[in-house]
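Taking it in order: structure first as C-alpha cells, then the write-up.
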Amino acid sequence: MKKIYPDAAAALDGLLFDGMHLCVGGFGLCGIPERLIDALQDAGVNGLTIASNNAGIDNEGLGKLLRSRQVKKMISSYVGENKEFERQFLSGELEVEFCPQGTLAERCRAGGAGIPGFYTKTGVGTQVAEGKEVRQFDDEDYILERGIYADLCLIKGWKADKAGNLIFRKTARNFNAPMATAGKICVAEVEEIVEIGELDPDAIHLPSIYVKRLINGSPYDKKIEFRMTRERGDAA
Amino acid sequence: MSWDRNAMAARAAKELKDGYYVNLGIGIPTLVANHIPDGVEVTLQSENGMLGIGPFPFEDGIDADLINAGKQTISELKSSSYFGSADSFAMIRGGHIDLTILGAMEVAENGDIANWMIPGKMIKGMGGAMDLVAGVKKIIVVMDHCAKDGGPKFIPECTLPLTGTNVVDMIITDLCVFRRIDHDSPFKLIELAPGVSEDDVAKKTTGKYSK
C-alpha cells in the first residue's frame with residue numbers, strides 16, 4: 001500500500017467534507033502541520049469542528065482557517081495571542097469549548113484507544129464540570145470526560161520511513177502523538193522521508209499503523225513565538 | 001518596602017527540595033528557575049512535553065522545536081527527556097510532580113484558586129492550570145498582594161470562574177507569605193517582606209488567616 005503523496009492537497013483528496021471533525025497537532029506554533037492546514041484552507045471546506053490545543057495566532061497556523069471563516073467550533077485549552085479568534089468568539093461567530101490541556105490530551109489518547117470516556121479530578125468544582133457526571137472513587141470526586149474520535153487527524157512529524165513509521169523531534173511531539181491516534185484516518189507531514197530500515201524500530205514514536213497518508217512538507221520555515229536567548233558568559 | 005518580582009521568585013525557590021520534579025507557571029514563577037538554592041537539584045517539567053528544562057539558548061542554539069509551555073525558546077540538558085502531551089499530563093494528573101508554582105488572579109481562604117478567565121474580558125483559557133492544581137502534590141501561588149485596582153486578591157470567596165477548589169498550599173505575595181499545613185486548616189501568615197507590618201497585610205487582605 002502506497003502511503004506517500006506528492007503534496008498536501010493530494011494527501012487530503014477525498015477526505016474532506018463540510019461540518020467534519022478534526023484533530024490537529026501542535027503546541028502554539030511548535031509542531032503544527034502547516035502544509036496540511038494550508039491545504040484545508042485552499043480546499044475551502046467549511047463548518048469545521050477542530051480539537052487543537054491552541055488556535056494558532058493571527059494568520060499563522062489555524063489562525064488562517066479562522067480568518068477565512070472555515071471554523072465553526074474549536075475545542076482548545078489556550079487561545080491567547082490571537083485577536084481574530086477573540087473577535088469571532090466575543091461576537092458569537094465562533095463556538096469554543098474550553099478543555100483543560102491534560103484532559104484534551106487524554107480525551108484524544110482515550111478516543112484513539114477505544115475508550116469512550118474516563119474520570120478525572122481535573123476541573124472538579126469548576127465551569128468545566130458543568131453538565132458532566134460526577135462520581136466518587138476512594139472518597140474523592142471525579143468528572144466524566146468523553147474520548148475524542150475525529151473524522152480526520154492532521155499531524156506534523158520529523159522523519160518517517162516509507163512504511164509510515166514516524167519519529168518526532170524535541171518538544172514538537174506534544175499533541176501530535178495522541179492526536180495521530182484519535183480518528184478514522186491520520187495524515188502526517190514530515191521533514192524527511194527515509195527508506196525502510198533507516199529508522200531504528202526501537203526508537204519509533206508513532207508506529208506505521210496510525211499513519212495512513214504521508215507527505216514530505218519540506219522546506220520548513222518554523223515560526224517562533226517568543227525568541228529568548230542568553231549571552232555567552234551569562235550565568236545559566 | 002516589599003518584595004519585587006525577583007525577590008518573590010527567590011522566596012518561592014526556598015520551597016524547592018533536593019530531588020523535586022517541579023512545574024513552573026508563566027510569569028514570575030518562571031523566574032524561580034534563576035534562584036534554585038545551592039546544593040538543591042530539581043528537575044523542571046514543561047507540560048508541552050519535556051523533563052529537564054535548560055536555560056535560554058545562545059543565539060546560535062535557537063531551535064523552533066524546543067520551547068517551554070510559555071512558547072519561549074529554551075535549551076536541553078544532558079539529563080532531559082521528551083514525551084507527548086498525554087504522557088506529560090499523565091505525570092501531572094498521576095501525582096508524580098512534587099510541586100507547581102503558578103500565578104493567580106484570586107485565591108480564597110479555603111484554598112480555591114481562579115486564574116484562567118475574566119468573563120466578557122479575558123478569554124485565553126486555562127491551558128494546563130486545571131490539571132496542575134488537580135494533580136500536583138503541592139501548589140504554591142505567587143501573585144501580587146493586590147490587583148491593579150488596589151483590591152485584595154486573597155479573599156473570602158473567589159468571584160472569578162475557578163481553576164480548582166481547595167488546592168492551594170502556600171501564597172507568596174509582594175508583602176508576605178501565607179501557608180497552611182493541610183487542606184482542612186486555615187492559612188497562617190508566616191513571613192513578612194522587609195519593611196511590611198502585620199497591619200499592612202491586614203489592611204490589604206479580606207481572606208481569613210491566622211497569625
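Identifiers in this document derive from the order of the C-alpha cells: chains are assigned A, B, ..., residues are numbered from 1 separately in each chain, and ligands are numbered from 1 in order of occurrence.
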
Determine, counting only C-alpha atoms, which protein, DNA and RNA residues have an atom within 7 Å of an atom of Asn53 in chain A; residues of the same chain fewer than 3 positions away are not included. Present the result as a short mmCIF file (atom, residue, chain, number, x, y, z; two decimals) with N, CA and C atoms, in the first residue's frame.
data_model
loop_
_atom_site.label_atom_id
_atom_site.label_comp_id
_atom_site.auth_asym_id
_atom_site.auth_seq_id
_atom_site.Cartn_x
_atom_site.Cartn_y
_atom_site.Cartn_z
N PHE A 27 1.63 22.60 19.46
CA PHE A 27 1.51 23.38 20.70
C PHE A 27 1.97 24.78 20.37
N SER A 76 -10.26 23.65 22.64
CA SER A 76 -8.89 24.10 22.91
C SER A 76 -8.70 24.38 24.39
N SER A 77 -7.43 24.42 24.82
CA SER A 77 -7.16 24.78 26.22
C SER A 77 -6.69 26.22 26.36
N TYR A 78 -6.07 26.74 25.31
CA TYR A 78 -5.50 28.08 25.43
C TYR A 78 -5.51 28.78 24.07
N GLN A 101 -5.87 21.32 29.33
CA GLN A 101 -4.88 20.76 28.40
C GLN A 101 -4.67 19.25 28.58
#

For this session: For chain A, report every residue with an atom at most 8 Å from chain B (counting only C-alpha atoms), formatted as a PyMOL selection string.
Result: chain A and resi 27-28+30-31+76-80+86+90+98-103+105-106+109+121-127+169-178+222-232+236

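When DSSP is run on the backbone, the residues of range 82-174 of chain B that fall into alpha helix (DSSP H) are Ser85, Ala86, Asp87, Ser88, Phe89, Ala90, Met91, Ile92, Arg93, Ala129, Met130, Asp131, Leu132, Val133, Ala134 and Gly135 of chain B.
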
Given the selection you just returned, output its residues as a file containing C-alpha atoms, formatted as a short mmCIF file (atom, residue, chain, number, x, y, z; two decimals), in the first residue's frame.
data_model
loop_
_atom_site.label_atom_id
_atom_site.label_comp_id
_atom_site.auth_asym_id
_atom_site.auth_seq_id
_atom_site.Cartn_x
_atom_site.Cartn_y
_atom_site.Cartn_z
CA SER B 85 1.14 15.69 25.78
CA ALA B 86 -0.79 12.64 27.01
CA ASP B 87 2.30 11.30 28.82
CA SER B 88 3.08 14.76 30.13
CA PHE B 89 -0.29 15.09 31.77
CA ALA B 90 -0.22 11.52 32.99
CA MET B 91 2.80 12.65 35.04
CA ILE B 92 0.89 15.69 36.26
CA ARG B 93 -2.50 14.10 36.89
CA ALA B 129 -3.53 25.02 35.07
CA MET B 130 -6.61 22.95 35.99
CA ASP B 131 -4.68 19.70 35.51
CA LEU B 132 -1.73 21.02 37.54
CA VAL B 133 -3.77 22.14 40.55
CA ALA B 134 -5.75 18.87 40.48
CA GLY B 135 -2.77 16.56 40.21
#

Exercise. Any idea what's packed within 10 Å of Glu95 in chain A, counting only C-alpha atoms, ignoring anything in its chain fewer than 5 positions away? Could you give it as an MDAnalysis selection string?
Worked result: chainID A and resid 49 71:75 88:90

Expected file contents, prior selection, N, CA, C and O atoms, as a PDB file, in the first residue's frame:
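Below is the file that was written, result_32.pdb:
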ATOM      1  N   THR A  49     -15.216  21.538  12.974  1.00  0.00           N
ATOM      2  CA  THR A  49     -15.003  21.464  14.419  1.00  0.00           C
ATOM      3  C   THR A  49     -13.591  20.928  14.604  1.00  0.00           C
ATOM      4  O   THR A  49     -13.266  19.847  14.107  1.00  0.00           O
ATOM      5  N   VAL A  71     -13.999  27.730  10.313  1.00  0.00           N
ATOM      6  CA  VAL A  71     -14.130  27.002  11.577  1.00  0.00           C
ATOM      7  C   VAL A  71     -15.444  27.355  12.267  1.00  0.00           C
ATOM      8  O   VAL A  71     -15.759  28.530  12.457  1.00  0.00           O
ATOM      9  N   LYS A  72     -16.205  26.318  12.631  1.00  0.00           N
ATOM     10  CA  LYS A  72     -17.446  26.530  13.377  1.00  0.00           C
ATOM     11  C   LYS A  72     -17.176  26.475  14.868  1.00  0.00           C
ATOM     12  O   LYS A  72     -17.687  27.267  15.639  1.00  0.00           O
ATOM     13  N   LYS A  73     -16.332  25.512  15.260  1.00  0.00           N
ATOM     14  CA  LYS A  73     -16.103  25.308  16.688  1.00  0.00           C
ATOM     15  C   LYS A  73     -14.679  24.863  16.960  1.00  0.00           C
ATOM     16  O   LYS A  73     -14.127  24.042  16.233  1.00  0.00           O
ATOM     17  N   MET A  74     -14.090  25.427  18.029  1.00  0.00           N
ATOM     18  CA  MET A  74     -12.765  24.998  18.481  1.00  0.00           C
ATOM     19  C   MET A  74     -12.900  24.304  19.832  1.00  0.00           C
ATOM     20  O   MET A  74     -13.653  24.745  20.688  1.00  0.00           O
ATOM     21  N   ILE A  75     -12.148  23.222  20.008  1.00  0.00           N
ATOM     22  CA  ILE A  75     -12.003  22.573  21.315  1.00  0.00           C
ATOM     23  C   ILE A  75     -10.544  22.764  21.696  1.00  0.00           C
ATOM     24  O   ILE A  75      -9.657  22.151  21.083  1.00  0.00           O
ATOM     25  N   GLN A  88     -14.022  36.908  16.893  1.00  0.00           N
ATOM     26  CA  GLN A  88     -15.076  35.981  16.450  1.00  0.00           C
ATOM     27  C   GLN A  88     -15.783  35.341  17.633  1.00  0.00           C
ATOM     28  O   GLN A  88     -16.990  35.108  17.602  1.00  0.00           O
ATOM     29  N   PHE A  89     -15.027  35.075  18.708  1.00  0.00           N
ATOM     30  CA  PHE A  89     -15.622  34.443  19.888  1.00  0.00           C
ATOM     31  C   PHE A  89     -16.556  35.421  20.587  1.00  0.00           C
ATOM     32  O   PHE A  89     -17.703  35.086  20.923  1.00  0.00           O
ATOM     33  N   LEU A  90     -16.089  36.655  20.800  1.00  0.00           N
ATOM     34  CA  LEU A  90     -16.900  37.640  21.521  1.00  0.00           C
ATOM     35  C   LEU A  90     -18.137  38.030  20.724  1.00  0.00           C
ATOM     36  O   LEU A  90     -19.175  38.348  21.293  1.00  0.00           O
TER      37      LEU A  90
END

Problem set entry | Residue with smallest distance to Val168 in chain B - pool B:Ile36, B:Leu102, B:Val42, B:Cys146, counting only C-alpha atoms | B:Leu102

Exercise. Lys14 in chain B: which residues within 12 Å, counting only C-alpha atoms, same-chain residues fewer than 6 positions away excluded, as a PyMOL selection string?
Worked result: chain B and resi 7-8+32-40+42+101+140+172+177

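If you measure from each of B:Met105, B:Met170, B:Leu99, B:Ile118 to Asp144 in chain B using only C-alpha atoms, the closest one turns out to be B:Met105.
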
Problem set entry | Residue neighbourhood Lys83 in chain A, 10 Å, only C-alpha atoms, exclusion window fewer than 6 positions, as a PyMOL selection string | chain A and resi 57-59+63+89

Selection to disk with all heavy atoms, as a JSON list (two decimals), in the first residue's frame:
[["chain", "number", "residue", "atom", "x", "y", "z"],
["A", 57, "ILE", "N", -1.95, 31.75, 15.83],
["A", 57, "ILE", "CA", -2.00, 33.18, 16.13],
["A", 57, "ILE", "C", -2.54, 33.84, 14.88],
["A", 57, "ILE", "O", -2.82, 33.18, 13.89],
["A", 57, "ILE", "CB", -0.63, 33.73, 16.58],
["A", 57, "ILE", "CG1", 0.44, 33.50, 15.51],
["A", 57, "ILE", "CG2", -0.19, 33.08, 17.88],
["A", 57, "ILE", "CD1", 1.77, 34.15, 15.83],
["A", 58, "ASP", "N", -2.69, 35.17, 14.92],
["A", 58, "ASP", "CA", -3.28, 35.85, 13.77],
["A", 58, "ASP", "C", -2.57, 35.46, 12.48],
["A", 58, "ASP", "O", -1.38, 35.73, 12.32],
["A", 58, "ASP", "CB", -3.21, 37.38, 13.96],
["A", 58, "ASP", "CG", -4.24, 37.85, 14.97],
["A", 58, "ASP", "OD1", -5.39, 37.37, 14.89],
["A", 58, "ASP", "OD2", -3.88, 38.64, 15.85],
["A", 59, "ASN", "N", -3.31, 34.81, 11.62],
["A", 59, "ASN", "CA", -2.81, 34.45, 10.29],
["A", 59, "ASN", "C", -1.62, 33.49, 10.28],
["A", 59, "ASN", "O", -0.87, 33.43, 9.32],
["A", 59, "ASN", "CB", -2.48, 35.69, 9.48],
["A", 59, "ASN", "CG", -3.20, 35.64, 8.14],
["A", 59, "ASN", "OD1", -4.07, 34.79, 7.92],
["A", 59, "ASN", "ND2", -2.83, 36.53, 7.24],
["A", 63, "GLY", "N", -4.93, 29.94, 12.79],
["A", 63, "GLY", "CA", -5.39, 31.32, 12.65],
["A", 63, "GLY", "C", -5.81, 31.62, 11.21],
["A", 63, "GLY", "O", -6.71, 32.43, 10.95],
["A", 89, "PHE", "N", -15.03, 35.08, 18.71],
["A", 89, "PHE", "CA", -15.62, 34.44, 19.89],
["A", 89, "PHE", "C", -16.56, 35.42, 20.59],
["A", 89, "PHE", "O", -17.70, 35.09, 20.92],
["A", 89, "PHE", "CB", -14.52, 33.98, 20.84],
["A", 89, "PHE", "CG", -15.04, 33.40, 22.12],
["A", 89, "PHE", "CD1", -15.82, 32.24, 22.12],
["A", 89, "PHE", "CD2", -14.76, 34.01, 23.34],
["A", 89, "PHE", "CE1", -16.31, 31.71, 23.30],
["A", 89, "PHE", "CE2", -15.25, 33.47, 24.52],
["A", 89, "PHE", "CZ", -16.03, 32.32, 24.50]]

Problem set entry | Neighbour list for Gly103 in chain B as a PyMOL selection string, cut-off 6 Å, only C-alpha atoms, skip fewer than 4 positions in-chain | chain B and resi 141-143

Now that the selection is made, can you save its residues with N, CA, C and O atoms as a PDB file, in the first residue's frame?
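Final file, again08.pdb:
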ATOM      1  N   VAL B 141       1.135  29.482  45.112  1.00  0.00           N
ATOM      2  CA  VAL B 141       0.735  30.606  44.272  1.00  0.00           C
ATOM      3  C   VAL B 141       1.671  31.775  44.546  1.00  0.00           C
ATOM      4  O   VAL B 141       1.939  32.100  45.709  1.00  0.00           O
ATOM      5  N   VAL B 142       2.188  32.365  43.486  1.00  0.00           N
ATOM      6  CA  VAL B 142       2.967  33.600  43.602  1.00  0.00           C
ATOM      7  C   VAL B 142       2.187  34.684  42.874  1.00  0.00           C
ATOM      8  O   VAL B 142       1.894  34.551  41.683  1.00  0.00           O
ATOM      9  N   MET B 143       1.801  35.723  43.618  1.00  0.00           N
ATOM     10  CA  MET B 143       0.995  36.779  42.973  1.00  0.00           C
ATOM     11  C   MET B 143       1.190  38.101  43.715  1.00  0.00           C
ATOM     12  O   MET B 143       1.619  38.124  44.864  1.00  0.00           O
TER      13      MET B 143
END

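Straight-line separation from CA of Leu166 in chain A to CA of Ile37 in chain A: 19.5 Å.
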
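Proximity to Ile155 in chain B was assessed for B:Lys17, B:Arg11, B:Lys78, B:Lys208 counting only C-alpha atoms; the smallest distance is recorded for B:Lys208.
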
For this session: Name the residues in contact with Ala188 in chain A at a cut-off of 12 Å, using only C-alpha atoms, excluding same-chain residues fewer than 2 positions from it; report them as a ChimeraX atom specification.
Result: /A:3-5,7-8,11-12,23-25,31-37,152-161,164-168,176-177,179-181,185-186,190-193,206,208,210-217

Problem set entry | Secondary structure check, strand (DSSP E) residues of range 43-202 of chain B, as a ChimeraX atom specification | /B:43-46,50-53,76-82,99-102,106-108,113-114,138-142,154-155,170-172,176-179,188-192

For this session: Would you work out the distance separating CA of Ala110 in chain A from CA of Arg146 in chain A, expressed in Å to one decimal?
Result: 8.3 Å
